file final19.cif (mmCIF, C-alpha atoms and all ligand atoms)
data_data
#
loop_
_atom_site.label_atom_id
_atom_site.label_comp_id
_atom_site.auth_asym_id
_atom_site.auth_seq_id
_atom_site.Cartn_x
_atom_site.Cartn_y
_atom_site.Cartn_z
CA MET A 1 -63.49 7.86 -42.74
CA SER A 2 -62.72 7.29 -46.36
CA PRO A 3 -63.57 3.94 -47.91
CA ASP A 4 -61.22 0.95 -47.78
CA TYR A 5 -60.08 -0.29 -51.17
CA GLU A 6 -57.67 -2.91 -49.87
CA GLY A 7 -57.85 -6.07 -51.91
CA GLY A 8 -59.86 -4.41 -54.68
CA GLN A 9 -58.90 -2.14 -57.56
CA HIS A 10 -58.20 1.39 -56.31
CA PRO A 11 -60.65 3.74 -58.07
CA LEU A 12 -57.77 6.01 -59.09
CA ALA A 13 -55.53 3.24 -60.44
CA PHE A 14 -56.43 4.48 -63.92
CA ILE A 15 -54.37 7.64 -63.28
CA ILE A 16 -51.26 5.54 -62.75
CA ASP A 17 -52.14 3.41 -65.76
CA SER A 18 -52.34 6.51 -67.95
CA PHE A 19 -48.60 7.06 -67.27
CA ARG A 20 -47.57 3.57 -68.36
CA ILE A 21 -46.19 3.10 -71.88
CA SER A 22 -46.40 -0.17 -73.78
CA ASP A 23 -43.42 -1.58 -75.72
CA GLU A 24 -45.45 -1.22 -78.88
CA LYS A 25 -45.91 2.50 -78.22
CA ILE A 26 -42.18 2.89 -77.55
CA ASN A 27 -41.40 1.27 -80.91
CA SER A 28 -43.68 3.70 -82.71
CA ILE A 29 -42.11 6.65 -80.83
CA ILE A 30 -38.62 5.50 -81.91
CA ALA A 31 -39.77 5.21 -85.54
CA ASP A 32 -41.57 8.60 -85.54
CA PHE A 33 -38.63 10.37 -83.92
CA LYS A 34 -36.22 8.91 -86.49
CA ASP A 35 -38.46 10.18 -89.32
CA GLU A 36 -38.72 13.61 -87.74
CA LEU A 37 -34.94 13.82 -87.21
CA ASP A 38 -34.28 12.73 -90.76
CA SER A 39 -36.60 15.33 -92.26
CA CYS A 40 -35.17 18.05 -90.00
CA ILE A 41 -31.59 17.21 -91.05
CA ARG A 42 -32.29 16.66 -94.74
CA THR A 43 -35.01 19.18 -95.55
CA GLY A 44 -34.85 21.65 -92.68
CA ASN A 45 -38.33 20.72 -91.41
CA LYS A 46 -38.46 22.39 -88.00
CA ARG A 47 -42.03 21.75 -86.90
CA MET A 48 -40.75 19.76 -83.87
CA LEU A 49 -36.96 19.62 -83.80
CA LYS A 50 -34.41 22.32 -84.64
CA CYS A 51 -31.16 20.47 -85.50
CA LEU A 52 -28.96 23.51 -84.94
CA PRO A 53 -25.38 23.68 -86.21
CA SER A 54 -22.72 23.93 -83.48
CA PHE A 55 -19.73 24.62 -85.77
CA VAL A 56 -17.86 21.99 -83.74
CA GLU A 57 -16.63 20.00 -86.72
CA SER A 58 -14.48 17.32 -85.13
CA LEU A 59 -14.73 14.95 -82.21
CA PRO A 60 -12.47 15.85 -79.28
CA LYS A 61 -9.06 14.18 -79.37
CA GLY A 62 -8.15 14.55 -75.71
CA THR A 63 -4.92 16.32 -76.65
CA GLU A 64 -6.37 19.85 -76.70
CA ALA A 65 -4.65 22.07 -74.14
CA GLY A 66 -5.00 25.51 -72.59
CA GLU A 67 -6.57 27.50 -69.81
CA PHE A 68 -9.98 29.10 -70.19
CA VAL A 69 -12.55 31.03 -68.22
CA VAL A 70 -15.79 29.09 -68.66
CA ILE A 71 -19.39 30.13 -68.04
CA ASP A 72 -22.53 27.97 -68.03
CA LEU A 73 -26.03 29.41 -67.85
CA GLY A 74 -28.32 26.47 -67.07
CA GLY A 75 -31.99 26.04 -66.22
CA THR A 76 -31.40 26.58 -62.50
CA ASN A 77 -27.84 27.80 -61.96
CA LEU A 78 -25.11 29.96 -63.38
CA ARG A 79 -21.63 28.46 -63.12
CA VAL A 80 -18.45 30.44 -63.60
CA GLY A 81 -15.07 28.73 -63.54
CA LEU A 82 -11.57 28.20 -64.79
CA CYS A 83 -10.62 25.05 -66.64
CA THR A 84 -7.16 23.83 -67.48
CA LEU A 85 -6.93 21.21 -70.22
CA GLN A 86 -3.82 19.15 -69.71
CA GLY A 87 -3.78 17.61 -73.17
CA CYS A 88 -3.73 13.96 -72.10
CA HIS A 89 -7.47 13.23 -71.65
CA GLN A 90 -7.36 15.06 -68.34
CA PHE A 91 -8.44 18.45 -67.14
CA GLU A 92 -8.79 20.39 -63.94
CA GLN A 93 -11.58 22.78 -63.27
CA GLN A 94 -12.99 24.79 -60.43
CA HIS A 95 -16.16 26.80 -60.54
CA ASP A 96 -18.56 28.84 -58.44
CA THR A 97 -22.29 28.17 -58.66
CA PHE A 98 -24.97 30.84 -58.32
CA GLU A 99 -28.68 30.17 -58.29
CA VAL A 100 -30.40 32.43 -60.83
CA PRO A 101 -33.16 34.32 -58.94
CA ASP A 102 -36.72 33.88 -60.29
CA ALA A 103 -37.07 37.63 -60.78
CA ILE A 104 -34.04 37.60 -63.11
CA LYS A 105 -35.37 34.60 -65.06
CA SER A 106 -38.56 36.35 -66.02
CA GLY A 107 -37.49 39.98 -66.17
CA SER A 108 -35.56 41.89 -68.81
CA GLY A 109 -32.88 39.88 -70.63
CA HIS A 110 -30.53 42.84 -70.18
CA LYS A 111 -30.78 42.35 -66.39
CA LEU A 112 -30.00 38.66 -66.89
CA PHE A 113 -26.83 39.53 -68.79
CA ASP A 114 -25.90 42.18 -66.18
CA PHE A 115 -26.24 39.41 -63.57
CA ILE A 116 -24.01 37.03 -65.57
CA ALA A 117 -21.37 39.73 -66.18
CA GLU A 118 -21.35 40.73 -62.50
CA LYS A 119 -20.69 37.12 -61.36
CA VAL A 120 -18.00 36.58 -64.01
CA LEU A 121 -16.20 39.78 -63.01
CA ALA A 122 -16.26 38.77 -59.35
CA PHE A 123 -14.74 35.40 -60.26
CA VAL A 124 -12.09 36.91 -62.55
CA SER A 125 -11.04 39.40 -59.88
CA ASN A 126 -9.37 36.47 -58.08
CA LEU A 127 -7.39 35.34 -61.14
CA PRO A 128 -3.94 36.53 -62.29
CA LEU A 129 -4.14 39.83 -64.15
CA LYS A 130 -3.95 38.66 -67.79
CA PRO A 131 -6.33 38.26 -70.74
CA TYR A 132 -8.44 35.08 -70.96
CA ASP A 133 -10.31 33.33 -73.76
CA VAL A 134 -13.82 32.56 -72.59
CA GLY A 135 -16.14 29.63 -73.36
CA PHE A 136 -19.87 30.24 -72.95
CA THR A 137 -22.26 27.31 -72.42
CA PHE A 138 -25.82 28.47 -72.96
CA SER A 139 -28.71 26.05 -72.34
CA PHE A 140 -31.27 27.47 -74.74
CA PRO A 141 -31.74 27.20 -78.51
CA VAL A 142 -29.52 29.58 -80.47
CA GLU A 143 -29.17 29.92 -84.25
CA GLN A 144 -25.39 29.98 -84.65
CA ASN A 145 -23.58 31.29 -87.70
CA GLY A 146 -20.13 30.58 -86.29
CA LEU A 147 -18.44 29.12 -83.22
CA SER A 148 -18.82 32.33 -81.25
CA HIS A 149 -21.97 33.99 -82.62
CA GLY A 150 -25.59 33.06 -82.24
CA LYS A 151 -29.05 34.57 -82.04
CA LEU A 152 -31.37 33.42 -79.29
CA ILE A 153 -34.39 31.63 -80.77
CA GLN A 154 -36.48 31.24 -77.62
CA PHE A 155 -36.24 30.74 -73.88
CA ASN A 156 -37.54 27.53 -72.28
CA LYS A 157 -37.93 26.09 -68.79
CA ALA A 158 -38.68 28.86 -66.28
CA TYR A 159 -36.97 31.63 -68.29
CA ASP A 160 -39.00 34.23 -70.09
CA CYS A 161 -36.85 37.27 -70.92
CA HIS A 162 -38.47 37.90 -74.31
CA ASP A 163 -36.88 41.31 -74.92
CA ILE A 164 -33.61 39.66 -76.01
CA VAL A 165 -35.04 36.95 -78.27
CA GLY A 166 -33.34 37.44 -81.66
CA HIS A 167 -30.26 39.06 -80.05
CA ASP A 168 -26.72 37.66 -80.30
CA VAL A 169 -26.08 36.31 -76.80
CA VAL A 170 -22.29 36.46 -77.21
CA GLN A 171 -22.50 40.12 -78.17
CA LEU A 172 -24.73 40.87 -75.16
CA LEU A 173 -22.10 39.47 -72.80
CA GLN A 174 -19.01 40.68 -74.67
CA GLU A 175 -20.33 44.27 -74.62
CA ARG A 176 -20.54 44.10 -70.84
CA PHE A 177 -17.04 42.64 -70.52
CA ASP A 178 -15.61 45.33 -72.83
CA LYS A 179 -17.24 48.07 -70.80
CA LEU A 180 -16.43 46.76 -67.32
CA LEU A 181 -13.07 45.05 -67.87
CA PRO A 182 -11.65 46.14 -71.24
CA GLY A 183 -9.18 43.74 -72.86
CA ARG A 184 -9.42 40.98 -70.24
CA LEU A 185 -12.11 38.61 -71.52
CA THR A 186 -12.84 37.50 -75.10
CA ILE A 187 -15.64 35.02 -75.75
CA ARG A 188 -14.35 32.47 -78.27
CA SER A 189 -17.02 29.79 -78.11
CA LEU A 190 -20.75 29.44 -77.62
CA VAL A 191 -22.03 25.92 -77.02
CA ASN A 192 -25.31 24.36 -76.02
CA ASP A 193 -25.04 22.32 -72.78
CA THR A 194 -25.60 19.09 -74.75
CA VAL A 195 -22.68 19.95 -77.04
CA GLY A 196 -20.58 20.82 -73.97
CA THR A 197 -21.45 17.47 -72.37
CA PHE A 198 -20.61 15.58 -75.56
CA VAL A 199 -17.23 17.28 -75.94
CA ALA A 200 -16.25 17.20 -72.24
CA HIS A 201 -16.97 13.49 -71.92
CA GLY A 202 -15.42 12.80 -75.34
CA TYR A 203 -12.19 14.41 -74.12
CA ILE A 204 -11.96 11.63 -71.53
CA ASN A 205 -13.61 8.80 -73.48
CA PRO A 206 -13.04 8.98 -77.28
CA SER A 207 -15.96 6.58 -77.94
CA THR A 208 -18.43 9.31 -76.97
CA ARG A 209 -20.90 9.97 -79.80
CA MET A 210 -23.75 11.75 -78.05
CA GLY A 211 -24.35 14.26 -75.24
CA VAL A 212 -27.66 14.20 -73.38
CA ILE A 213 -29.06 16.50 -70.70
CA LEU A 214 -31.72 15.22 -68.31
CA GLY A 215 -32.00 18.06 -65.84
CA THR A 216 -34.38 20.98 -65.46
CA GLY A 217 -34.79 20.66 -69.24
CA THR A 218 -33.87 17.91 -71.68
CA ASN A 219 -32.06 17.77 -75.00
CA ALA A 220 -29.33 15.94 -76.93
CA ALA A 221 -26.51 16.53 -79.42
CA TYR A 222 -24.84 14.05 -81.78
CA PHE A 223 -22.49 13.98 -84.78
CA ASP A 224 -23.97 14.06 -88.30
CA THR A 225 -23.85 15.85 -91.65
CA LEU A 226 -25.73 19.14 -91.78
CA ASN A 227 -25.76 21.29 -94.94
CA GLY A 228 -22.89 19.22 -96.32
CA THR A 229 -20.64 19.57 -93.25
CA ARG A 230 -19.95 16.97 -90.57
CA MET A 231 -20.42 18.53 -87.16
CA ILE A 232 -22.04 18.16 -83.76
CA ILE A 233 -25.74 19.00 -84.07
CA ASN A 234 -27.92 20.31 -81.27
CA ILE A 235 -31.19 18.45 -81.88
CA GLU A 236 -33.38 20.44 -79.45
CA TRP A 237 -35.43 17.30 -78.93
CA GLY A 238 -37.56 18.92 -76.21
CA GLY A 239 -39.88 20.07 -79.01
CA PHE A 240 -40.66 16.52 -80.16
CA GLY A 241 -44.46 16.17 -80.20
CA ASP A 242 -45.11 19.90 -80.86
CA SER A 243 -47.59 21.09 -83.54
CA VAL A 244 -49.68 17.87 -83.43
CA SER A 245 -53.04 17.43 -81.66
CA VAL A 246 -53.28 15.12 -78.64
CA ASP A 247 -55.17 12.40 -80.53
CA LYS A 248 -52.68 12.33 -83.43
CA ASN A 249 -49.55 12.73 -81.27
CA SER A 250 -47.05 9.88 -81.15
CA LEU A 251 -46.40 10.87 -77.53
CA PRO A 252 -49.02 9.41 -75.15
CA LEU A 253 -50.18 12.67 -73.53
CA THR A 254 -52.30 12.37 -70.40
CA PRO A 255 -54.86 15.01 -69.28
CA VAL A 256 -52.25 16.16 -66.72
CA ASP A 257 -49.69 16.78 -69.49
CA VAL A 258 -52.28 18.80 -71.37
CA GLU A 259 -53.06 20.88 -68.26
CA ILE A 260 -49.38 21.54 -67.51
CA ASP A 261 -48.79 22.71 -71.05
CA ALA A 262 -51.89 24.93 -71.06
CA GLU A 263 -50.71 26.73 -67.92
CA SER A 264 -47.05 27.03 -68.94
CA GLU A 265 -45.15 30.13 -70.13
CA ASN A 266 -44.32 28.37 -73.42
CA LYS A 267 -47.71 26.85 -74.22
CA GLY A 268 -47.71 24.55 -77.26
CA ARG A 269 -43.92 24.19 -77.20
CA GLN A 270 -41.50 21.65 -75.66
CA THR A 271 -44.06 18.82 -75.47
CA PHE A 272 -41.42 16.11 -74.95
CA GLU A 273 -39.52 18.23 -72.41
CA LYS A 274 -42.71 18.75 -70.39
CA MET A 275 -43.26 14.97 -70.17
CA VAL A 276 -39.67 14.09 -69.35
CA SER A 277 -37.54 16.75 -67.63
CA GLY A 278 -36.97 17.55 -63.97
CA MET A 279 -38.82 20.84 -64.04
CA TYR A 280 -42.11 19.05 -64.73
CA LEU A 281 -42.04 15.61 -63.04
CA GLY A 282 -42.80 17.02 -59.57
CA GLU A 283 -45.71 18.98 -60.99
CA GLN A 284 -47.07 15.89 -62.77
CA PHE A 285 -47.00 14.06 -59.43
CA ARG A 286 -48.53 16.96 -57.50
CA ARG A 287 -51.50 17.24 -59.82
CA CYS A 288 -52.21 13.50 -59.82
CA ALA A 289 -51.59 13.15 -56.08
CA LEU A 290 -54.22 15.76 -55.27
CA ASP A 291 -56.85 13.42 -56.65
CA PHE A 292 -55.59 10.58 -54.46
CA LEU A 293 -55.41 12.73 -51.34
CA THR A 294 -58.91 14.09 -51.64
CA LEU A 295 -60.49 10.77 -52.54
CA GLY A 296 -63.14 10.03 -49.96
CA TYR A 297 -63.16 13.66 -48.77
CA GLU A 298 -64.80 15.33 -51.75
CA THR A 299 -67.86 16.08 -49.58
CA PRO A 300 -67.42 19.23 -47.47
CA TYR A 301 -66.90 18.49 -43.73
CA SER A 302 -66.09 14.83 -44.38
CA LEU A 303 -62.63 15.03 -42.72
CA ASP A 304 -62.96 14.64 -38.96
CA THR A 305 -61.09 17.33 -36.96
CA LYS A 306 -59.60 14.70 -34.67
CA TYR A 307 -57.21 13.70 -37.45
CA LEU A 308 -55.59 17.15 -37.52
CA THR A 309 -53.66 16.50 -34.34
CA ASP A 310 -51.74 13.67 -35.96
CA ILE A 311 -50.98 13.85 -39.61
CA GLU A 312 -49.75 10.26 -39.55
CA LEU A 313 -53.18 9.24 -38.37
CA VAL A 314 -54.67 11.08 -41.30
CA LEU A 315 -52.41 9.09 -43.58
CA LYS A 316 -52.97 5.79 -41.80
CA ASN A 317 -56.65 5.97 -41.02
CA GLY A 318 -58.01 8.97 -42.78
CA LEU A 319 -56.95 7.99 -46.27
CA ALA A 320 -58.23 5.04 -48.16
CA ALA A 321 -56.13 2.04 -47.23
CA GLY A 322 -53.50 1.43 -49.86
CA THR A 323 -53.39 5.10 -50.90
CA VAL A 324 -49.85 5.70 -49.63
CA GLN A 325 -48.74 2.66 -51.55
CA MET A 326 -50.54 3.98 -54.61
CA LEU A 327 -48.77 7.34 -54.27
CA ASN A 328 -45.45 5.51 -54.21
CA GLN A 329 -46.41 3.64 -57.32
CA LEU A 330 -47.52 6.85 -58.97
CA ALA A 331 -44.13 8.49 -58.28
CA LEU A 332 -42.22 5.53 -59.70
CA THR A 333 -44.46 5.32 -62.76
CA ILE A 334 -43.92 9.03 -63.51
CA LEU A 335 -40.14 8.58 -63.23
CA GLU A 336 -40.27 5.44 -65.32
CA ARG A 337 -42.28 7.10 -68.07
CA SER A 338 -39.67 9.83 -68.28
CA ALA A 339 -36.78 7.32 -68.34
CA LYS A 340 -38.45 5.19 -71.02
CA LEU A 341 -39.18 8.18 -73.25
CA ALA A 342 -35.61 9.47 -72.89
CA ALA A 343 -34.25 5.96 -73.59
CA ALA A 344 -36.46 5.73 -76.69
CA LEU A 345 -34.99 8.92 -78.18
CA ILE A 346 -31.41 7.95 -77.25
CA THR A 347 -32.02 4.62 -79.02
CA ALA A 348 -33.39 6.40 -82.10
CA VAL A 349 -30.32 8.66 -82.35
CA TYR A 350 -28.02 5.68 -81.89
CA GLN A 351 -29.82 3.73 -84.62
CA ARG A 352 -29.38 6.64 -87.01
CA ALA A 353 -25.79 7.55 -86.19
CA ARG A 354 -24.02 4.36 -85.07
CA ASP A 355 -20.61 4.31 -86.66
CA SER A 356 -18.53 2.83 -83.91
CA SER A 357 -18.70 0.27 -81.18
CA PRO A 358 -19.14 1.13 -78.43
CA PHE A 359 -21.35 4.15 -79.09
CA VAL A 360 -21.22 6.07 -75.82
CA ALA A 361 -24.01 8.45 -74.82
CA ALA A 362 -22.82 10.77 -72.04
CA ILE A 363 -25.61 12.03 -69.78
CA ASP A 364 -25.54 15.04 -67.48
CA GLY A 365 -28.26 16.92 -65.58
CA SER A 366 -29.60 16.63 -62.05
CA LEU A 367 -32.57 14.39 -62.89
CA TYR A 368 -30.07 11.75 -64.01
CA THR A 369 -26.97 12.32 -61.88
CA LYS A 370 -28.78 12.68 -58.55
CA ASN A 371 -31.18 9.78 -58.91
CA PRO A 372 -29.80 6.19 -58.88
CA THR A 373 -33.28 4.68 -59.47
CA TYR A 374 -33.71 6.82 -62.57
CA LYS A 375 -30.21 5.88 -63.83
CA GLU A 376 -31.10 2.22 -63.56
CA MET A 377 -34.41 2.75 -65.32
CA ILE A 378 -32.66 4.40 -68.31
CA SER A 379 -29.97 1.72 -68.63
CA LYS A 380 -32.53 -1.06 -68.42
CA ALA A 381 -34.78 0.56 -71.02
CA VAL A 382 -31.91 1.25 -73.44
CA GLN A 383 -30.73 -2.33 -73.15
CA GLN A 384 -34.26 -3.55 -73.87
CA TYR A 385 -34.84 -1.25 -76.87
CA THR A 386 -31.47 -1.89 -78.56
CA GLN A 387 -31.13 -5.57 -77.62
CA SER A 388 -27.37 -4.97 -77.73
CA ASP A 389 -24.45 -3.85 -75.56
CA GLU A 390 -23.13 -1.53 -78.25
CA LEU A 391 -24.93 1.57 -76.96
CA VAL A 392 -23.32 2.41 -73.63
CA ILE A 393 -24.77 4.99 -71.26
CA GLU A 394 -22.26 6.84 -69.08
CA ALA A 395 -22.74 9.60 -66.51
CA SER A 396 -20.79 12.55 -67.91
CA LYS A 397 -17.41 12.95 -66.27
CA GLY A 398 -16.89 16.49 -67.49
CA GLU A 399 -19.17 19.42 -66.77
CA PRO A 400 -20.71 21.00 -69.91
CA LEU A 401 -18.76 24.18 -69.21
CA VAL A 402 -15.45 22.35 -69.72
CA GLY A 403 -16.65 21.46 -73.23
CA SER A 404 -16.80 25.16 -74.12
CA GLY A 405 -13.07 25.41 -73.33
CA ILE A 406 -12.20 22.25 -75.30
CA VAL A 407 -13.80 23.58 -78.49
CA ILE A 408 -11.76 26.80 -78.23
CA ALA A 409 -8.55 24.76 -77.93
CA ALA A 410 -9.60 22.51 -80.82
CA ALA A 411 -10.27 25.50 -83.10
CA LYS A 412 -6.83 27.06 -82.51
C1 LIG B 501 -33.23 23.90 -74.07
C2 LIG B 501 -31.99 23.21 -74.61
C3 LIG B 501 -31.17 22.66 -73.47
C4 LIG B 501 -32.03 21.78 -72.58
C5 LIG B 501 -31.27 21.19 -71.40
C6 LIG B 501 -33.98 22.99 -73.11
O1 LIG B 501 -35.03 23.68 -72.51
O2 LIG B 501 -34.07 24.28 -75.13
O3 LIG B 501 -31.22 24.11 -75.38
O4 LIG B 501 -30.10 21.92 -74.00
O5 LIG B 501 -33.12 22.52 -72.08
O6 LIG B 501 -30.74 22.18 -70.60
#
call {"tool": "encode", "arguments": {"input": "final19.cif", "output": "structure tokens"}}
result
Amino acid sequence: MSPDYEGGQHPLAFIIDSFRISDEKINSIIADFKDELDSCIRTGNKRMLKCLPSFVESLPKGTEAGEFVVIDLGGTNLRVGLCTLQGCHQFEQQHDTFEVPDAIKSGSGHKLFDFIAEKVLAFVSNLPLKPYDVGFTFSFPVEQNGLSHGKLIQFNKAYDCHDIVGHDVVQLLQERFDKLLPGRLTIRSLVNDTVGTFVAHGYINPSTRMGVILGTGTNAAYFDTLNGTRMIINIEWGGFGDSVSVDKNSLPLTPVDVEIDAESENKGRQTFEKMVSGMYLGEQFRRCALDFLTLGYETPYSLDTKYLTDIELVLKNGLAAGTVQMLNQLALTILERSAKLAAALITAVYQRARDSSPFVAAIDGSLYTKNPTYKEMISKAVQQYTQSDELVIEASKGEPLVGSGIVIAAAK
């Protein structure tokens, strides 16, 4: 039987404590992020952030109209749909969702694009036989030199198709369309999912000033001046905290964060994303929880076989009393750390860019949309850090893929 810690300090409470962030720390993260963003925008310093141009040079008006085939390659799924912009802050859209198989995510990039083209062609085969303008939402950093051109900088999350890094992702897809369905599909826009979220929500609510994704990965886009032009900028904030050692980092990295990074495909990159986004929170919990579950059973043969017939008994009697409660606390603390860090960066962007009241930040992504507790944590933290009601957090009402259609209509 493992020892009883009820009433006393659990010997692993320090693990949970290592995931807590003080208000003082949050203030220094906000200040450091603002400095980093400023130097990225003004001097092109890309050691952490990328601040990529989107070539979307105006905020959506809500009057843009048209019908577009829209595609969204995200961290987990591929979506292919048709969106109809009605021109009065309203749109209709329908899409099919396909899970991207693991083998495709880490194989040749050409196979990935074959997969996308195949799903698009299947979708289009059910549409009237006419040409369509296509919007492409792509959830990875791309160096764009126009609205519909851009070279892939790197893959993140669970993708690792390195043979197409440096390639123009629009060209890769357009070539396949031209070969398989000549004259039907022309890609007119390439947008990051944060830009798509910004524009789609802005179409409905004109006070939108920021698009945020909290899903498999995390990132944000906002409106600012880049190289002398006002436009939506894809910050690529997942890289915040990169290129700095653990002891000098403004992010409070725990040993578990360091382990997760060391074993990841993109070691040394996306430090903030690995602390905050959905792909990593479960893994943070799993690694910490193992310590809790084995506590008291480190010695071989210390777990009595009788417990195996009833797993609830193992939990009730076999584990140190209070451990289940501690695991609950651990889970909430991991979620709360993520929410606080995301809220800190949203606050920093708002403090830099506020030009209107309200300043609406539209959030999309499964970590946020599917988790009411997490939603509350973000709103509470933002309210605390800004001490104002001016920054308003809203769950995005438009899917990022609709945004790729809106920017085509706006550019016409
Ligand atoms: C990518 C971003 C993307 C974010 C959310 C990150 O891994 O680098 O481009 O916006 O995930 O999907």
call {"tool": "residues_around", "arguments": {"input": "final19.cif", "residues": "Ala343 of chain A", "least_positions_apart": "2", "cutoff": "8 Å", "atoms": "all atoms listed in the file", "output": "number ranges by chain"}}
result
A: 339-341, 345-347, 378-379, 381-382, 385
call {"tool": "atom_distance", "arguments": {"input": "final19.cif", "atom1": "atom CA of Ala342 of chain A", "atom2": "atom CA of Ile21 of chain A"}}
result
12.4 Å
call {"tool": "residues_near_ligand", "arguments": {"input": "final19.cif", "ligand": "ligand LIG 501 (chain B)", "cutoff": "10 Å", "atoms": "all atoms listed in the file", "output": "MDAnalysis selection string"}}
result
chainID A and resid 50 52 73:76 137:142 153:159 191:197 211:221 234:239 270 273:274 277 279 364:365
call {"tool": "write_last_selection", "arguments": {"input": "final19.cif", "atoms": "C-alpha atoms", "output": "JSON list (two decimals), in the coordinates of the input"}}
result
[["chain", "number", "residue", "atom", "x", "y", "z"],
["A", 50, "LYS", "CA", -34.41, 22.32, -84.64],
["A", 52, "LEU", "CA", -28.96, 23.51, -84.94],
["A", 73, "LEU", "CA", -26.03, 29.41, -67.85],
["A", 74, "GLY", "CA", -28.32, 26.47, -67.07],
["A", 75, "GLY", "CA", -31.99, 26.04, -66.22],
["A", 76, "THR", "CA", -31.40, 26.58, -62.50],
["A", 137, "THR", "CA", -22.26, 27.31, -72.42],
["A", 138, "PHE", "CA", -25.82, 28.47, -72.96],
["A", 139, "SER", "CA", -28.71, 26.05, -72.34],
["A", 140, "PHE", "CA", -31.27, 27.47, -74.74],
["A", 141, "PRO", "CA", -31.74, 27.20, -78.51],
["A", 142, "VAL", "CA", -29.52, 29.58, -80.47],
["A", 153, "ILE", "CA", -34.39, 31.63, -80.77],
["A", 154, "GLN", "CA", -36.48, 31.24, -77.62],
["A", 155, "PHE", "CA", -36.24, 30.74, -73.88],
["A", 156, "ASN", "CA", -37.54, 27.53, -72.28],
["A", 157, "LYS", "CA", -37.93, 26.09, -68.79],
["A", 158, "ALA", "CA", -38.68, 28.86, -66.28],
["A", 159, "TYR", "CA", -36.97, 31.63, -68.29],
["A", 191, "VAL", "CA", -22.03, 25.92, -77.02],
["A", 192, "ASN", "CA", -25.31, 24.36, -76.02],
["A", 193, "ASP", "CA", -25.04, 22.32, -72.78],
["A", 194, "THR", "CA", -25.60, 19.09, -74.75],
["A", 195, "VAL", "CA", -22.68, 19.95, -77.04],
["A", 196, "GLY", "CA", -20.58, 20.82, -73.97],
["A", 197, "THR", "CA", -21.45, 17.47, -72.37],
["A", 211, "GLY", "CA", -24.35, 14.26, -75.24],
["A", 212, "VAL", "CA", -27.66, 14.20, -73.38],
["A", 213, "ILE", "CA", -29.06, 16.50, -70.70],
["A", 214, "LEU", "CA", -31.72, 15.22, -68.31],
["A", 215, "GLY", "CA", -32.00, 18.06, -65.84],
["A", 216, "THR", "CA", -34.38, 20.98, -65.46],
["A", 217, "GLY", "CA", -34.79, 20.66, -69.24],
["A", 218, "THR", "CA", -33.87, 17.91, -71.68],
["A", 219, "ASN", "CA", -32.06, 17.77, -75.00],
["A", 220, "ALA", "CA", -29.33, 15.94, -76.93],
["A", 221, "ALA", "CA", -26.51, 16.53, -79.42],
["A", 234, "ASN", "CA", -27.92, 20.31, -81.27],
["A", 235, "ILE", "CA", -31.19, 18.45, -81.88],
["A", 236, "GLU", "CA", -33.38, 20.44, -79.45],
["A", 237, "TRP", "CA", -35.43, 17.30, -78.93],
["A", 238, "GLY", "CA", -37.56, 18.92, -76.21],
["A", 239, "GLY", "CA", -39.88, 20.07, -79.01],
["A", 270, "GLN", "CA", -41.50, 21.65, -75.66],
["A", 273, "GLU", "CA", -39.52, 18.23, -72.41],
["A", 274, "LYS", "CA", -42.71, 18.75, -70.39],
["A", 277, "SER", "CA", -37.54, 16.75, -67.63],
["A", 279, "MET", "CA", -38.82, 20.84, -64.04],
["A", 364, "ASP", "CA", -25.54, 15.04, -67.48],
["A", 365, "GLY", "CA", -28.26, 16.92, -65.58]]
call {"tool": "residues_around", "arguments": {"input": "final19.cif", "residues": "Asn126 of chain A", "least_positions_apart": "5", "cutoff": "12 Å", "atoms": "all atoms listed in the file", "output": "list in words"}}
result
Val69, Gly81, Leu82, Asp96, Lys119, Val120 and Leu121 of chain A
call {"tool": "residues_around", "arguments": {"input": "final19.cif", "residues": "segment 36-41 of chain A", "least_positions_apart": "6", "cutoff": "12 Å", "atoms": "all atoms listed in the file", "output": "PyMOL selection string"}}
result
chain A and resi 29-30+47-53+220-231+233-237+239-242+250+345+348-353
call {"tool": "build_atoms", "arguments": {"input": "final19.cif", "residues": "segment 185-189 of chain A", "atoms": "N, CA, C and O atoms", "output": "compact mmCIF listing (two decimals), in the frame of the given file"}}
result
# COMPACT_ATOMS: atom_id res chain seq x y z
N LEU A 185 -11.33 39.82 -71.22
CA LEU A 185 -12.11 38.61 -71.52
C LEU A 185 -12.63 38.63 -72.96
O LEU A 185 -13.31 39.58 -73.35
N THR A 186 -12.32 37.59 -73.73
CA THR A 186 -12.84 37.50 -75.10
C THR A 186 -13.57 36.17 -75.26
O THR A 186 -12.98 35.11 -75.10
N ILE A 187 -14.85 36.25 -75.58
CA ILE A 187 -15.64 35.02 -75.75
C ILE A 187 -15.30 34.39 -77.09
O ILE A 187 -15.46 35.01 -78.14
N ARG A 188 -14.80 33.16 -77.05
CA ARG A 188 -14.35 32.47 -78.27
C ARG A 188 -15.26 31.32 -78.65
O ARG A 188 -15.11 30.76 -79.73
N SER A 189 -16.13 30.89 -77.73
CA SER A 189 -17.02 29.79 -78.11
C SER A 189 -18.37 29.94 -77.42
O SER A 189 -18.46 30.44 -76.30
